[in-house]
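Containing mmCIF, C-alpha atoms: target26.cif.
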```cif
data_my_file
#
loop_
_atom_site.label_atom_id
_atom_site.label_comp_id
_atom_site.auth_asym_id
_atom_site.auth_seq_id
_atom_site.Cartn_x
_atom_site.Cartn_y
_atom_site.Cartn_z
CA MET A 18 -28.07 1.39 24.37
CA SER A 19 -25.72 4.33 24.21
CA ILE A 20 -22.23 3.95 25.60
CA SER A 21 -19.75 6.76 25.76
CA THR A 22 -16.73 5.73 23.74
CA GLU A 23 -13.44 7.52 23.34
CA VAL A 24 -10.51 7.19 21.03
CA GLN A 25 -7.53 6.09 23.05
CA PRO A 26 -3.86 5.41 22.37
CA LEU A 27 -3.10 1.69 22.36
CA LEU A 28 -0.18 0.31 24.31
CA ILE A 29 1.82 -2.68 23.10
CA ASN A 30 0.95 -5.63 25.33
CA TYR A 31 -0.31 -9.17 24.82
CA LYS A 32 -3.96 -8.18 25.24
CA THR A 33 -3.74 -5.47 22.55
CA LEU A 34 -1.90 -7.76 20.16
CA GLU A 35 -4.42 -10.54 20.70
CA GLU A 36 -7.25 -8.12 19.88
CA PHE A 37 -5.44 -6.97 16.72
CA LYS A 38 -5.84 -10.50 15.31
CA ARG A 39 -9.56 -9.85 14.85
CA PHE A 40 -8.85 -7.14 12.27
CA LYS A 41 -8.51 -7.99 8.58
CA GLU A 42 -5.42 -5.91 7.99
CA TYR A 43 -3.33 -7.72 10.58
CA GLY A 44 0.10 -7.90 8.99
CA LEU A 45 3.85 -7.53 9.29
CA GLN A 46 3.56 -4.46 11.51
CA GLU A 47 1.60 -6.35 14.16
CA LEU A 48 3.72 -9.49 13.87
CA THR A 49 6.82 -7.38 14.44
CA MET A 50 5.28 -5.74 17.50
CA LEU A 51 4.51 -9.21 18.89
CA GLU A 52 8.04 -10.48 18.24
CA ASP A 53 9.56 -7.35 19.78
CA LEU A 54 7.46 -7.89 22.89
CA GLN A 55 8.30 -11.58 23.11
CA SER A 56 12.03 -10.95 22.82
CA ASN A 57 11.96 -7.98 25.20
CA ILE A 58 13.02 -5.55 22.47
CA VAL A 59 10.11 -3.41 23.65
CA GLU A 60 8.72 -3.33 27.16
CA ASN A 61 5.20 -4.35 28.01
CA ASN A 62 2.88 -1.34 27.64
CA SER A 63 5.20 0.55 25.29
CA GLU A 64 3.64 3.22 23.11
CA SER A 65 2.39 2.24 19.68
CA PRO A 66 1.24 4.25 16.65
CA PHE A 67 -2.24 2.71 17.05
CA PHE A 68 -5.38 4.31 18.42
CA GLY A 69 -8.54 2.41 19.16
CA ILE A 70 -12.10 2.49 20.40
CA TYR A 71 -13.26 0.07 23.09
CA ILE A 72 -16.74 -0.99 24.00
CA GLY A 73 -16.36 -2.48 27.44
CA ASN A 74 -13.26 -4.65 27.23
CA ALA A 75 -13.44 -5.22 23.49
CA MET A 76 -11.52 -3.24 20.88
CA ILE A 77 -14.00 -2.63 18.07
CA ALA A 78 -12.11 -0.13 15.87
CA ARG A 79 -8.54 0.99 15.33
CA MET A 80 -6.18 2.97 13.13
CA SER A 81 -2.45 3.64 12.89
CA LEU A 82 -1.41 7.28 12.86
CA TYR A 83 2.08 8.56 12.33
CA ARG A 84 3.53 12.05 12.10
CA ILE A 85 5.77 12.55 9.05
CA SER A 86 8.36 15.32 9.14
CA ALA A 87 8.05 18.24 6.68
CA LYS A 88 11.31 17.28 5.01
CA TYR A 89 9.68 14.06 3.73
CA ASP A 90 6.48 15.78 2.63
CA ASN A 91 5.79 15.04 -1.05
CA TYR A 92 2.06 15.74 -0.87
CA PHE A 93 1.24 19.14 0.59
CA ASN A 94 1.90 22.78 -0.29
CA PRO A 95 3.53 24.40 1.55
CA PRO A 96 5.51 21.29 2.61
CA GLN A 97 4.86 20.64 6.30
CA ASP A 98 4.53 17.99 8.97
CA TYR A 99 1.56 15.77 8.18
CA LEU A 100 -0.16 12.65 9.46
CA GLU A 101 -0.14 9.35 7.67
CA LEU A 102 -3.17 7.28 8.61
CA TRP A 103 -3.43 3.56 7.83
CA LYS A 104 -5.25 0.40 8.91
CA LEU A 105 -8.41 2.30 9.81
CA GLU A 106 -10.86 -0.52 10.43
CA VAL A 107 -14.10 -1.06 12.32
CA LEU A 108 -15.07 -4.65 13.15
CA LYS A 109 -17.95 -5.85 10.99
CA ASP A 110 -20.64 -5.92 13.69
CA TYR A 111 -19.92 -2.30 14.61
CA GLN A 112 -19.80 -0.73 11.15
CA GLY A 113 -22.19 2.06 10.13
CA LYS A 114 -22.38 3.51 13.64
CA GLY A 115 -19.94 6.38 13.26
CA TYR A 116 -16.85 4.78 14.83
CA GLY A 117 -14.79 5.19 11.65
CA LYS A 118 -15.71 8.88 11.52
CA GLN A 119 -14.83 9.21 15.20
CA LEU A 120 -11.31 7.91 14.54
CA VAL A 121 -10.85 10.23 11.55
CA ASP A 122 -12.17 13.22 13.55
CA PHE A 123 -9.59 12.38 16.19
CA ALA A 124 -6.86 12.50 13.54
CA LYS A 125 -8.20 15.81 12.21
CA SER A 126 -8.02 17.30 15.71
CA TYR A 127 -4.24 17.60 15.31
CA HIS A 128 -4.90 20.29 12.65
CA LEU A 129 -2.31 18.76 10.34
CA PRO A 130 -2.87 17.57 6.76
CA ILE A 131 -3.61 13.85 6.52
CA LYS A 132 -2.66 11.30 3.89
CA THR A 133 -4.13 7.82 3.65
CA ASN A 134 -4.07 4.99 1.12
CA PRO A 135 -7.38 3.20 1.47
CA ARG A 136 -8.83 0.19 -0.25
CA ILE A 137 -10.64 1.14 -3.43
CA ASN A 138 -14.11 0.32 -2.20
CA SER A 139 -13.93 2.69 0.76
CA HIS A 140 -13.58 5.87 -1.27
CA GLY A 141 -17.17 6.95 -0.56
CA PHE A 142 -16.45 6.92 3.17
CA TRP A 143 -13.38 9.11 2.78
CA GLU A 144 -15.03 11.55 0.42
CA ARG A 145 -17.88 12.12 2.87
CA LEU A 146 -15.23 13.05 5.42
CA GLY A 147 -13.69 15.65 3.12
CA PHE A 148 -10.77 13.66 1.74
CA GLN A 149 -9.88 14.07 -1.94
CA LYS A 150 -7.95 11.95 -4.41
CA ALA A 151 -4.33 13.01 -4.81
CA THR A 152 -3.14 13.66 -8.34
CA TYR A 153 -1.56 10.32 -9.20
CA ASN A 154 2.21 10.42 -9.57
CA MET A 155 3.73 7.05 -10.44
CA GLU A 156 7.21 7.77 -9.08
CA ARG A 157 5.69 8.68 -5.74
CA ASP A 158 2.54 6.60 -5.50
CA ARG A 159 3.33 3.31 -7.33
CA GLY A 160 0.35 1.06 -6.50
CA GLU A 161 -1.22 3.41 -3.97
CA ASN A 162 -4.50 5.29 -4.27
CA PRO A 163 -3.66 8.22 -1.99
CA LEU A 164 -6.37 10.38 -0.48
CA LEU A 165 -5.60 13.71 1.16
CA TRP A 166 -7.31 15.87 3.76
CA LEU A 167 -6.31 19.51 3.37
CA PRO A 168 -6.89 21.86 6.31
CA GLU A 169 -7.62 25.54 5.59
CA GLY A 170 -4.72 27.19 3.76
CA VAL A 171 -3.10 23.94 2.58
CA ASP A 172 -3.02 22.79 -1.05
CA GLU A 173 -1.86 19.75 -2.89
CA GLN A 174 1.81 19.83 -3.89
CA PRO A 175 2.22 20.40 -7.65
CA LYS A 176 3.86 17.64 -9.68
CA GLU A 177 7.55 18.41 -10.20
CA ASP A 178 7.72 17.09 -13.72
CA SER A 179 4.62 18.57 -15.32
CA MET U 56 -5.33 -27.22 -24.84
CA SER U 57 -1.88 -25.74 -24.52
CA ILE U 58 -1.33 -22.25 -25.84
CA SER U 59 2.02 -20.56 -25.91
CA THR U 60 1.74 -17.40 -23.86
CA GLU U 61 4.28 -14.68 -23.43
CA VAL U 62 4.65 -11.77 -21.08
CA GLN U 63 4.33 -8.60 -23.09
CA PRO U 64 4.55 -4.87 -22.37
CA LEU U 65 1.13 -3.24 -22.37
CA LEU U 66 0.51 -0.04 -24.30
CA ILE U 67 -1.91 2.61 -23.10
CA ASN U 68 -4.96 2.48 -25.36
CA TYR U 69 -8.69 2.14 -24.90
CA LYS U 70 -8.62 -1.63 -25.35
CA THR U 71 -5.97 -2.10 -22.63
CA LEU U 72 -7.77 0.23 -20.23
CA GLU U 73 -11.07 -1.56 -20.83
CA GLU U 74 -9.42 -4.89 -20.01
CA PHE U 75 -7.91 -3.43 -16.83
CA LYS U 76 -11.43 -2.98 -15.45
CA ARG U 77 -11.73 -6.74 -15.03
CA PHE U 78 -8.95 -6.74 -12.42
CA LYS U 79 -9.72 -6.24 -8.73
CA GLU U 80 -6.95 -3.76 -8.09
CA TYR U 81 -8.17 -1.26 -10.68
CA GLY U 82 -7.53 2.10 -9.05
CA LEU U 83 -6.26 5.65 -9.30
CA GLN U 84 -3.33 4.64 -11.51
CA GLU U 85 -5.62 3.21 -14.19
CA LEU U 86 -8.15 6.04 -13.89
CA THR U 87 -5.34 8.54 -14.41
CA MET U 88 -4.10 6.66 -17.49
CA LEU U 89 -7.63 6.77 -18.90
CA GLU U 90 -8.02 10.50 -18.23
CA ASP U 91 -4.60 11.23 -19.73
CA LEU U 92 -5.59 9.34 -22.87
CA GLN U 93 -8.98 11.06 -23.12
CA SER U 94 -7.46 14.51 -22.77
CA ASN U 95 -4.56 13.75 -25.13
CA ILE U 96 -1.98 14.16 -22.36
CA VAL U 97 -0.60 10.84 -23.55
CA GLU U 98 -0.82 9.49 -27.08
CA ASN U 99 -2.65 6.34 -27.98
CA ASN U 100 -0.30 3.35 -27.61
CA SER U 101 2.08 5.12 -25.23
CA GLU U 102 4.27 2.95 -23.04
CA SER U 103 2.96 1.95 -19.63
CA PRO U 104 4.59 0.31 -16.60
CA PHE U 105 2.26 -2.70 -17.06
CA PHE U 106 3.08 -6.11 -18.43
CA GLY U 107 0.48 -8.71 -19.23
CA ILE U 108 -0.30 -12.16 -20.50
CA TYR U 109 -2.90 -12.68 -23.23
CA ILE U 110 -4.77 -15.79 -24.20
CA GLY U 111 -6.08 -15.03 -27.62
CA ASN U 112 -7.43 -11.49 -27.41
CA ALA U 113 -8.07 -11.55 -23.66
CA MET U 114 -5.71 -10.20 -21.03
CA ILE U 115 -5.74 -12.79 -18.24
CA ALA U 116 -2.89 -11.58 -16.00
CA ARG U 117 -0.94 -8.40 -15.42
CA MET U 118 1.53 -6.60 -13.19
CA SER U 119 3.07 -3.15 -12.89
CA LEU U 120 6.86 -3.03 -12.82
CA TYR U 121 8.94 0.06 -12.24
CA ARG U 122 12.69 0.58 -11.95
CA ILE U 123 13.68 2.61 -8.88
CA SER U 124 16.99 4.44 -8.91
CA ALA U 125 19.72 3.41 -6.43
CA LYS U 126 19.56 6.80 -4.74
CA TYR U 127 16.04 6.00 -3.52
CA ASP U 128 16.92 2.47 -2.42
CA ASN U 129 16.00 1.95 1.24
CA TYR U 130 15.76 -1.85 1.04
CA PHE U 131 18.88 -3.46 -0.42
CA ASN U 132 22.54 -3.73 0.50
CA PRO U 133 24.54 -2.52 -1.30
CA PRO U 134 22.03 0.16 -2.37
CA GLN U 135 21.28 -0.28 -6.08
CA ASP U 136 18.66 0.08 -8.76
CA TYR U 137 15.78 -2.26 -8.03
CA LEU U 138 12.34 -3.16 -9.36
CA GLU U 139 9.12 -2.35 -7.59
CA LEU U 140 6.38 -4.79 -8.58
CA TRP U 141 2.71 -4.11 -7.84
CA LYS U 142 -0.78 -5.12 -8.97
CA LEU U 143 0.29 -8.64 -9.88
CA GLU U 144 -3.03 -10.31 -10.55
CA VAL U 145 -4.31 -13.30 -12.48
CA LEU U 146 -8.02 -13.37 -13.35
CA LYS U 147 -9.91 -15.88 -11.22
CA ASP U 148 -10.61 -18.47 -13.94
CA TYR U 149 -6.92 -18.63 -14.83
CA GLN U 150 -5.40 -18.93 -11.37
CA GLY U 151 -3.30 -21.93 -10.34
CA LYS U 152 -1.88 -22.44 -13.86
CA GLY U 153 1.49 -20.78 -13.42
CA TYR U 154 0.70 -17.38 -14.97
CA GLY U 155 1.59 -15.51 -11.77
CA LYS U 156 4.91 -17.31 -11.62
CA GLN U 157 5.48 -16.50 -15.29
CA LEU U 158 5.09 -12.79 -14.59
CA VAL U 159 7.41 -12.92 -11.58
CA ASP U 160 10.00 -14.92 -13.57
CA PHE U 161 9.85 -12.19 -16.19
CA ALA U 162 10.60 -9.59 -13.50
CA LYS U 163 13.47 -11.70 -12.15
CA SER U 164 14.99 -11.88 -15.65
CA TYR U 165 16.20 -8.28 -15.21
CA HIS U 166 18.63 -9.59 -12.53
CA LEU U 167 17.75 -6.73 -10.19
CA PRO U 168 16.42 -7.01 -6.64
CA ILE U 169 12.63 -6.83 -6.44
CA LYS U 170 10.35 -5.31 -3.83
CA THR U 171 6.62 -5.89 -3.63
CA ASN U 172 3.86 -5.15 -1.12
CA PRO U 173 1.33 -7.93 -1.54
CA ARG U 174 -1.98 -8.60 0.12
CA ILE U 175 -1.55 -10.60 3.32
CA ASN U 176 -3.18 -13.77 2.05
CA SER U 177 -0.79 -14.16 -0.88
CA HIS U 178 2.37 -14.61 1.17
CA GLY U 179 2.54 -18.35 0.43
CA PHE U 180 2.75 -17.62 -3.30
CA TRP U 181 5.61 -15.17 -2.85
CA GLU U 182 7.56 -17.39 -0.48
CA ARG U 183 7.43 -20.28 -2.96
CA LEU U 184 9.02 -17.92 -5.49
CA GLY U 185 11.88 -17.07 -3.12
CA PHE U 186 10.65 -13.77 -1.72
CA GLN U 187 11.23 -13.03 1.96
CA LYS U 188 9.62 -10.65 4.42
CA ALA U 189 11.53 -7.40 4.87
CA THR U 190 12.39 -6.44 8.42
CA TYR U 191 9.53 -4.11 9.27
CA ASN U 192 10.53 -0.48 9.68
CA MET U 193 7.62 1.81 10.55
CA GLU U 194 9.18 5.03 9.23
CA ARG U 195 9.74 3.35 5.88
CA ASP U 196 6.96 0.81 5.57
CA ARG U 197 3.95 2.35 7.37
CA GLY U 198 1.04 0.04 6.50
CA GLU U 199 2.97 -2.05 3.98
CA ASN U 200 4.00 -5.69 4.27
CA PRO U 201 7.05 -5.58 2.02
CA LEU U 202 8.51 -8.72 0.49
CA LEU U 203 11.94 -8.77 -1.12
CA TRP U 204 13.65 -10.92 -3.70
CA LEU U 205 17.42 -10.86 -3.29
CA PRO U 206 19.59 -11.97 -6.20
CA GLU U 207 22.99 -13.57 -5.46
CA GLY U 208 25.26 -11.17 -3.55
CA VAL U 209 22.49 -8.82 -2.41
CA ASP U 210 21.35 -8.50 1.22
CA GLU U 211 18.68 -6.64 3.03
CA GLN U 212 19.64 -3.12 4.08
CA PRO U 213 20.26 -2.90 7.84
CA LYS U 214 17.96 -0.64 9.85
CA GLU U 215 19.59 2.74 10.43
CA ASP U 216 18.25 3.28 13.90
CA SER U 217 18.85 -0.10 15.58
#
```
Exercise: express the given structure as structure tokens:
Amino acid sequence: MSISTEVQPLLINYKTLEEFKRFKEYGLQELTMLEDLQSNIVENNSESPFFGIYIGNAMIARMSLYRISAKYDNYFNPPQDYLELWKLEVLKDYQGKGYGKQLVDFAKSYHLPIKTNPRINSHGFWERLGFQKATYNMERDRGENPLLWLPEGVDEQPKEDS
Amino acid sequence: MSISTEVQPLLINYKTLEEFKRFKEYGLQELTMLEDLQSNIVENNSESPFFGIYIGNAMIARMSLYRISAKYDNYFNPPQDYLELWKLEVLKDYQGKGYGKQLVDFAKSYHLPIKTNPRINSHGFWERLGFQKATYNMERDRGENPLLWLPEGVDEQPKEDS
């Protein structure tokens, strides 16, 4: 059974937010989106930073993707706009079928550097997709384990204090 | 069996780093400390941002605690120096005995506001200790679920853009 699936931007509405509850990393971000919708702070079908993959009517994978302005870039050299990617997650029954890679490929299609802060035990996945560990910098990274994807011509930013 | 236990600063040495491997959130920070020690970038018994609790010779709980300068404060009002707390963890066999609270009480003893970004399923613990959810701000928090502890006279920083 082969179904054509595409990465699509997710709109904020009750259906999306209900589907989000099936993902492990449901947290303050999603709760806030729900509250904003309930109190009419955002309109139904507002844009969100989330992208997802559907099979039929069911969301089976998602990620949050956000463009950070060059002036806040502490990771890349030369400093430039980059993408921060978080909450990449494929529902358990659909793992190992390439949906995670499909989401990451979508992010790479912007041709901007990417930073993510994955769970420890997913490092193999990220390394296969060409991400590399950032040089740890406590002032910047605190408890994070940042991984970076460097497009052609982009390097890691050197540590200021070393 | 009641043993007097105290929170103590942890020095970077091979024994400490070996004990860190027993904790779930062992990550890039610890790997970097180990590499720095191996390549003599830091001396044996250098200071670290970690604090721990020992029972006998065994480290059974730890946290990382780092003072952030007021000029980087995006959480508290008025803006001020605060503590960022991460990797608070009590080994499984020692949970439910107050060691987590003991570490947090130690952090509170500095009389500075505290910010942490815990795993979702630990929110009950933090709320019992007087921490409250920050108002989610995507530009600032991305995939985090920040919790704040506000000492007397300190409020949450209002959102700039709302």
key: Closest of U:Gly185, U:Gly198, U:Gly82, U:Pro133 to Asp160 of chain U - atom-to-atom distances counting all atoms listed in the file   =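 Of U:Gly185, U:Gly198, U:Gly82, U:Pro133, the one nearest Asp160 of chain U, counting all atoms listed in the file, is U:Gly185.
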Produce the least-squares-superposed copy of chain U, fitted on chain A over all in-order C-alpha pairs, as a tab-separated table (two decimals) with C-alpha atoms, keeping the file's coordinate frame.
```tsv
chain	number	residue	atom	x	y	z
U	56	MET	CA	-27.97	1.25	24.54
U	57	SER	CA	-25.69	4.24	24.27
U	58	ILE	CA	-22.19	3.91	25.63
U	59	SER	CA	-19.73	6.75	25.75
U	60	THR	CA	-16.71	5.73	23.73
U	61	GLU	CA	-13.45	7.53	23.35
U	62	VAL	CA	-10.51	7.20	21.03
U	63	GLN	CA	-7.54	6.10	23.06
U	64	PRO	CA	-3.86	5.41	22.38
U	65	LEU	CA	-3.11	1.70	22.35
U	66	LEU	CA	-0.18	0.30	24.30
U	67	ILE	CA	1.81	-2.68	23.10
U	68	ASN	CA	0.92	-5.63	25.33
U	69	TYR	CA	-0.32	-9.16	24.82
U	70	LYS	CA	-3.96	-8.18	25.24
U	71	THR	CA	-3.74	-5.47	22.55
U	72	LEU	CA	-1.89	-7.76	20.15
U	73	GLU	CA	-4.44	-10.53	20.70
U	74	GLU	CA	-7.26	-8.11	19.86
U	75	PHE	CA	-5.44	-6.98	16.71
U	76	LYS	CA	-5.84	-10.49	15.30
U	77	ARG	CA	-9.56	-9.86	14.84
U	78	PHE	CA	-8.85	-7.14	12.26
U	79	LYS	CA	-8.51	-7.98	8.57
U	80	GLU	CA	-5.43	-5.89	7.98
U	81	TYR	CA	-3.33	-7.71	10.58
U	82	GLY	CA	0.10	-7.89	8.99
U	83	LEU	CA	3.85	-7.53	9.28
U	84	GLN	CA	3.56	-4.46	11.51
U	85	GLU	CA	1.59	-6.35	14.16
U	86	LEU	CA	3.72	-9.49	13.85
U	87	THR	CA	6.82	-7.38	14.43
U	88	MET	CA	5.27	-5.75	17.50
U	89	LEU	CA	4.50	-9.21	18.88
U	90	GLU	CA	8.03	-10.49	18.23
U	91	ASP	CA	9.55	-7.36	19.78
U	92	LEU	CA	7.44	-7.89	22.89
U	93	GLN	CA	8.28	-11.60	23.12
U	94	SER	CA	12.00	-10.96	22.81
U	95	ASN	CA	11.95	-7.98	25.20
U	96	ILE	CA	13.00	-5.56	22.46
U	97	VAL	CA	10.11	-3.42	23.64
U	98	GLU	CA	8.71	-3.34	27.15
U	99	ASN	CA	5.19	-4.35	28.00
U	100	ASN	CA	2.87	-1.34	27.63
U	101	SER	CA	5.19	0.56	25.30
U	102	GLU	CA	3.65	3.23	23.11
U	103	SER	CA	2.40	2.23	19.68
U	104	PRO	CA	1.24	4.24	16.65
U	105	PHE	CA	-2.26	2.71	17.06
U	106	PHE	CA	-5.38	4.32	18.41
U	107	GLY	CA	-8.54	2.43	19.16
U	108	ILE	CA	-12.09	2.50	20.39
U	109	TYR	CA	-13.26	0.08	23.09
U	110	ILE	CA	-16.74	-0.98	24.01
U	111	GLY	CA	-16.36	-2.47	27.42
U	112	ASN	CA	-13.26	-4.64	27.23
U	113	ALA	CA	-13.43	-5.21	23.47
U	114	MET	CA	-11.51	-3.23	20.88
U	115	ILE	CA	-14.00	-2.60	18.07
U	116	ALA	CA	-12.11	-0.12	15.87
U	117	ARG	CA	-8.54	1.00	15.34
U	118	MET	CA	-6.17	2.98	13.15
U	119	SER	CA	-2.45	3.64	12.90
U	120	LEU	CA	-1.41	7.28	12.87
U	121	TYR	CA	2.10	8.55	12.34
U	122	ARG	CA	3.52	12.06	12.09
U	123	ILE	CA	5.77	12.56	9.05
U	124	SER	CA	8.35	15.32	9.13
U	125	ALA	CA	8.04	18.24	6.67
U	126	LYS	CA	11.31	17.27	5.01
U	127	TYR	CA	9.69	14.06	3.75
U	128	ASP	CA	6.49	15.79	2.63
U	129	ASN	CA	5.80	15.05	-1.05
U	130	TYR	CA	2.06	15.74	-0.88
U	131	PHE	CA	1.24	19.15	0.60
U	132	ASN	CA	1.88	22.77	-0.29
U	133	PRO	CA	3.52	24.40	1.55
U	134	PRO	CA	5.50	21.31	2.61
U	135	GLN	CA	4.85	20.65	6.31
U	136	ASP	CA	4.53	18.00	8.96
U	137	TYR	CA	1.56	15.79	8.18
U	138	LEU	CA	-0.16	12.66	9.47
U	139	GLU	CA	-0.14	9.35	7.67
U	140	LEU	CA	-3.18	7.28	8.61
U	141	TRP	CA	-3.41	3.56	7.83
U	142	LYS	CA	-5.25	0.41	8.92
U	143	LEU	CA	-8.42	2.30	9.81
U	144	GLU	CA	-10.85	-0.52	10.43
U	145	VAL	CA	-14.08	-1.05	12.32
U	146	LEU	CA	-15.07	-4.63	13.15
U	147	LYS	CA	-17.94	-5.84	10.97
U	148	ASP	CA	-20.65	-5.91	13.66
U	149	TYR	CA	-19.92	-2.30	14.59
U	150	GLN	CA	-19.80	-0.72	11.15
U	151	GLY	CA	-22.18	2.05	10.11
U	152	LYS	CA	-22.37	3.53	13.64
U	153	GLY	CA	-19.94	6.39	13.25
U	154	TYR	CA	-16.85	4.79	14.83
U	155	GLY	CA	-14.78	5.22	11.65
U	156	LYS	CA	-15.72	8.88	11.52
U	157	GLN	CA	-14.84	9.21	15.21
U	158	LEU	CA	-11.32	7.93	14.53
U	159	VAL	CA	-10.85	10.24	11.55
U	160	ASP	CA	-12.18	13.22	13.55
U	161	PHE	CA	-9.60	12.39	16.19
U	162	ALA	CA	-6.87	12.50	13.53
U	163	LYS	CA	-8.20	15.81	12.19
U	164	SER	CA	-8.04	17.30	15.71
U	165	TYR	CA	-4.25	17.60	15.31
U	166	HIS	CA	-4.90	20.30	12.65
U	167	LEU	CA	-2.31	18.77	10.32
U	168	PRO	CA	-2.87	17.58	6.76
U	169	ILE	CA	-3.62	13.86	6.52
U	170	LYS	CA	-2.67	11.30	3.90
U	171	THR	CA	-4.14	7.82	3.65
U	172	ASN	CA	-4.06	4.99	1.12
U	173	PRO	CA	-7.38	3.21	1.49
U	174	ARG	CA	-8.82	0.18	-0.22
U	175	ILE	CA	-10.62	1.11	-3.43
U	176	ASN	CA	-14.10	0.29	-2.20
U	177	SER	CA	-13.93	2.68	0.75
U	178	HIS	CA	-13.58	5.87	-1.27
U	179	GLY	CA	-17.17	6.94	-0.56
U	180	PHE	CA	-16.45	6.93	3.18
U	181	TRP	CA	-13.38	9.11	2.78
U	182	GLU	CA	-15.03	11.56	0.41
U	183	ARG	CA	-17.89	12.12	2.86
U	184	LEU	CA	-15.24	13.07	5.43
U	185	GLY	CA	-13.69	15.65	3.10
U	186	PHE	CA	-10.78	13.67	1.72
U	187	GLN	CA	-9.88	14.08	-1.95
U	188	LYS	CA	-7.93	11.96	-4.41
U	189	ALA	CA	-4.31	13.03	-4.81
U	190	THR	CA	-3.13	13.66	-8.34
U	191	TYR	CA	-1.56	10.32	-9.20
U	192	ASN	CA	2.21	10.41	-9.57
U	193	MET	CA	3.73	7.04	-10.45
U	194	GLU	CA	7.22	7.75	-9.08
U	195	ARG	CA	5.69	8.68	-5.74
U	196	ASP	CA	2.54	6.60	-5.49
U	197	ARG	CA	3.33	3.32	-7.30
U	198	GLY	CA	0.37	1.05	-6.49
U	199	GLU	CA	-1.22	3.41	-3.96
U	200	ASN	CA	-4.49	5.30	-4.27
U	201	PRO	CA	-3.67	8.21	-1.99
U	202	LEU	CA	-6.38	10.38	-0.47
U	203	LEU	CA	-5.61	13.71	1.17
U	204	TRP	CA	-7.30	15.87	3.75
U	205	LEU	CA	-6.32	19.51	3.39
U	206	PRO	CA	-6.90	21.86	6.31
U	207	GLU	CA	-7.62	25.56	5.59
U	208	GLY	CA	-4.72	27.19	3.73
U	209	VAL	CA	-3.10	23.94	2.58
U	210	ASP	CA	-3.03	22.79	-1.06
U	211	GLU	CA	-1.85	19.76	-2.88
U	212	GLN	CA	1.80	19.84	-3.89
U	213	PRO	CA	2.21	20.42	-7.64
U	214	LYS	CA	3.87	17.66	-9.66
U	215	GLU	CA	7.55	18.42	-10.19
U	216	ASP	CA	7.78	17.02	-13.67
U	217	SER	CA	4.67	18.44	-15.37
```
task = Run the PyMOL selection byres ((chain A) within 7 of (chain U)) against the file shown and list the residues it catches, as a PyMOL selection string.
result = chain A and resi 44-46+49+103-104+137+153+160+162
ask   = Got a sec to resolve the PyMOL selection byres ((chain U and resi 211) around 9) on this structure and send the residues as a VMD selection string?
value = chain U and resid 130 to 133 189 to 190 203 205 209 to 210 212 to 213
inquiry  = Could you tell me how far atom CA of Thr71 of chain U sits from atom CA of Ile169 of chain U, in Å to one decimal place?
reply    =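 A separation of 25.1 Å between them.
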ask   = With only C-alpha atoms as the basis for distance, which of U:Gly107, U:Asn95, U:Asn112, U:Pro206 is at the shortest distance from Ser164 of chain U?
value = U:Pro206
Distance query Leu65 of chain U at most 9 Å, all atoms listed in the file, self and fewer than 3 positions along chain excluded, as a compact mmCIF listing (two decimals) with C-alpha atoms, in the frame of the given file:
```txt
# COMPACT_ATOMS: atom_id res chain seq x y z
CA ASN U 68 -4.96 2.48 -25.36
CA THR U 71 -5.97 -2.10 -22.63
CA ASN U 100 -0.30 3.35 -27.61
CA SER U 101 2.08 5.12 -25.23
CA GLU U 102 4.27 2.95 -23.04
CA SER U 103 2.96 1.95 -19.63
CA PRO U 104 4.59 0.31 -16.60
CA PHE U 105 2.26 -2.70 -17.06
CA PHE U 106 3.08 -6.11 -18.43
CA GLY U 107 0.48 -8.71 -19.23
CA ARG U 117 -0.94 -8.40 -15.42
```
inquiry  = Give me, as a count of residues only, all polymer residues having an atom no more than 12 Å from Ala116 of chain U, counting only C-alpha atoms and skipping those fewer than 3 positions away in the same chain.
reply    = 39
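The spacing separating atom CA of Gln187 of chain U from atom CA of Trp204 of chain U amounts to 6.5 Å.
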request  = Would you work out the distance separating atom CA of Asp90 of chain A from atom CA of Glu169 of chain A, expressed in Å to one decimal?
outcome  =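 Atom CA of Asp90 of chain A sits 17.4 Å away from atom CA of Glu169 of chain A.
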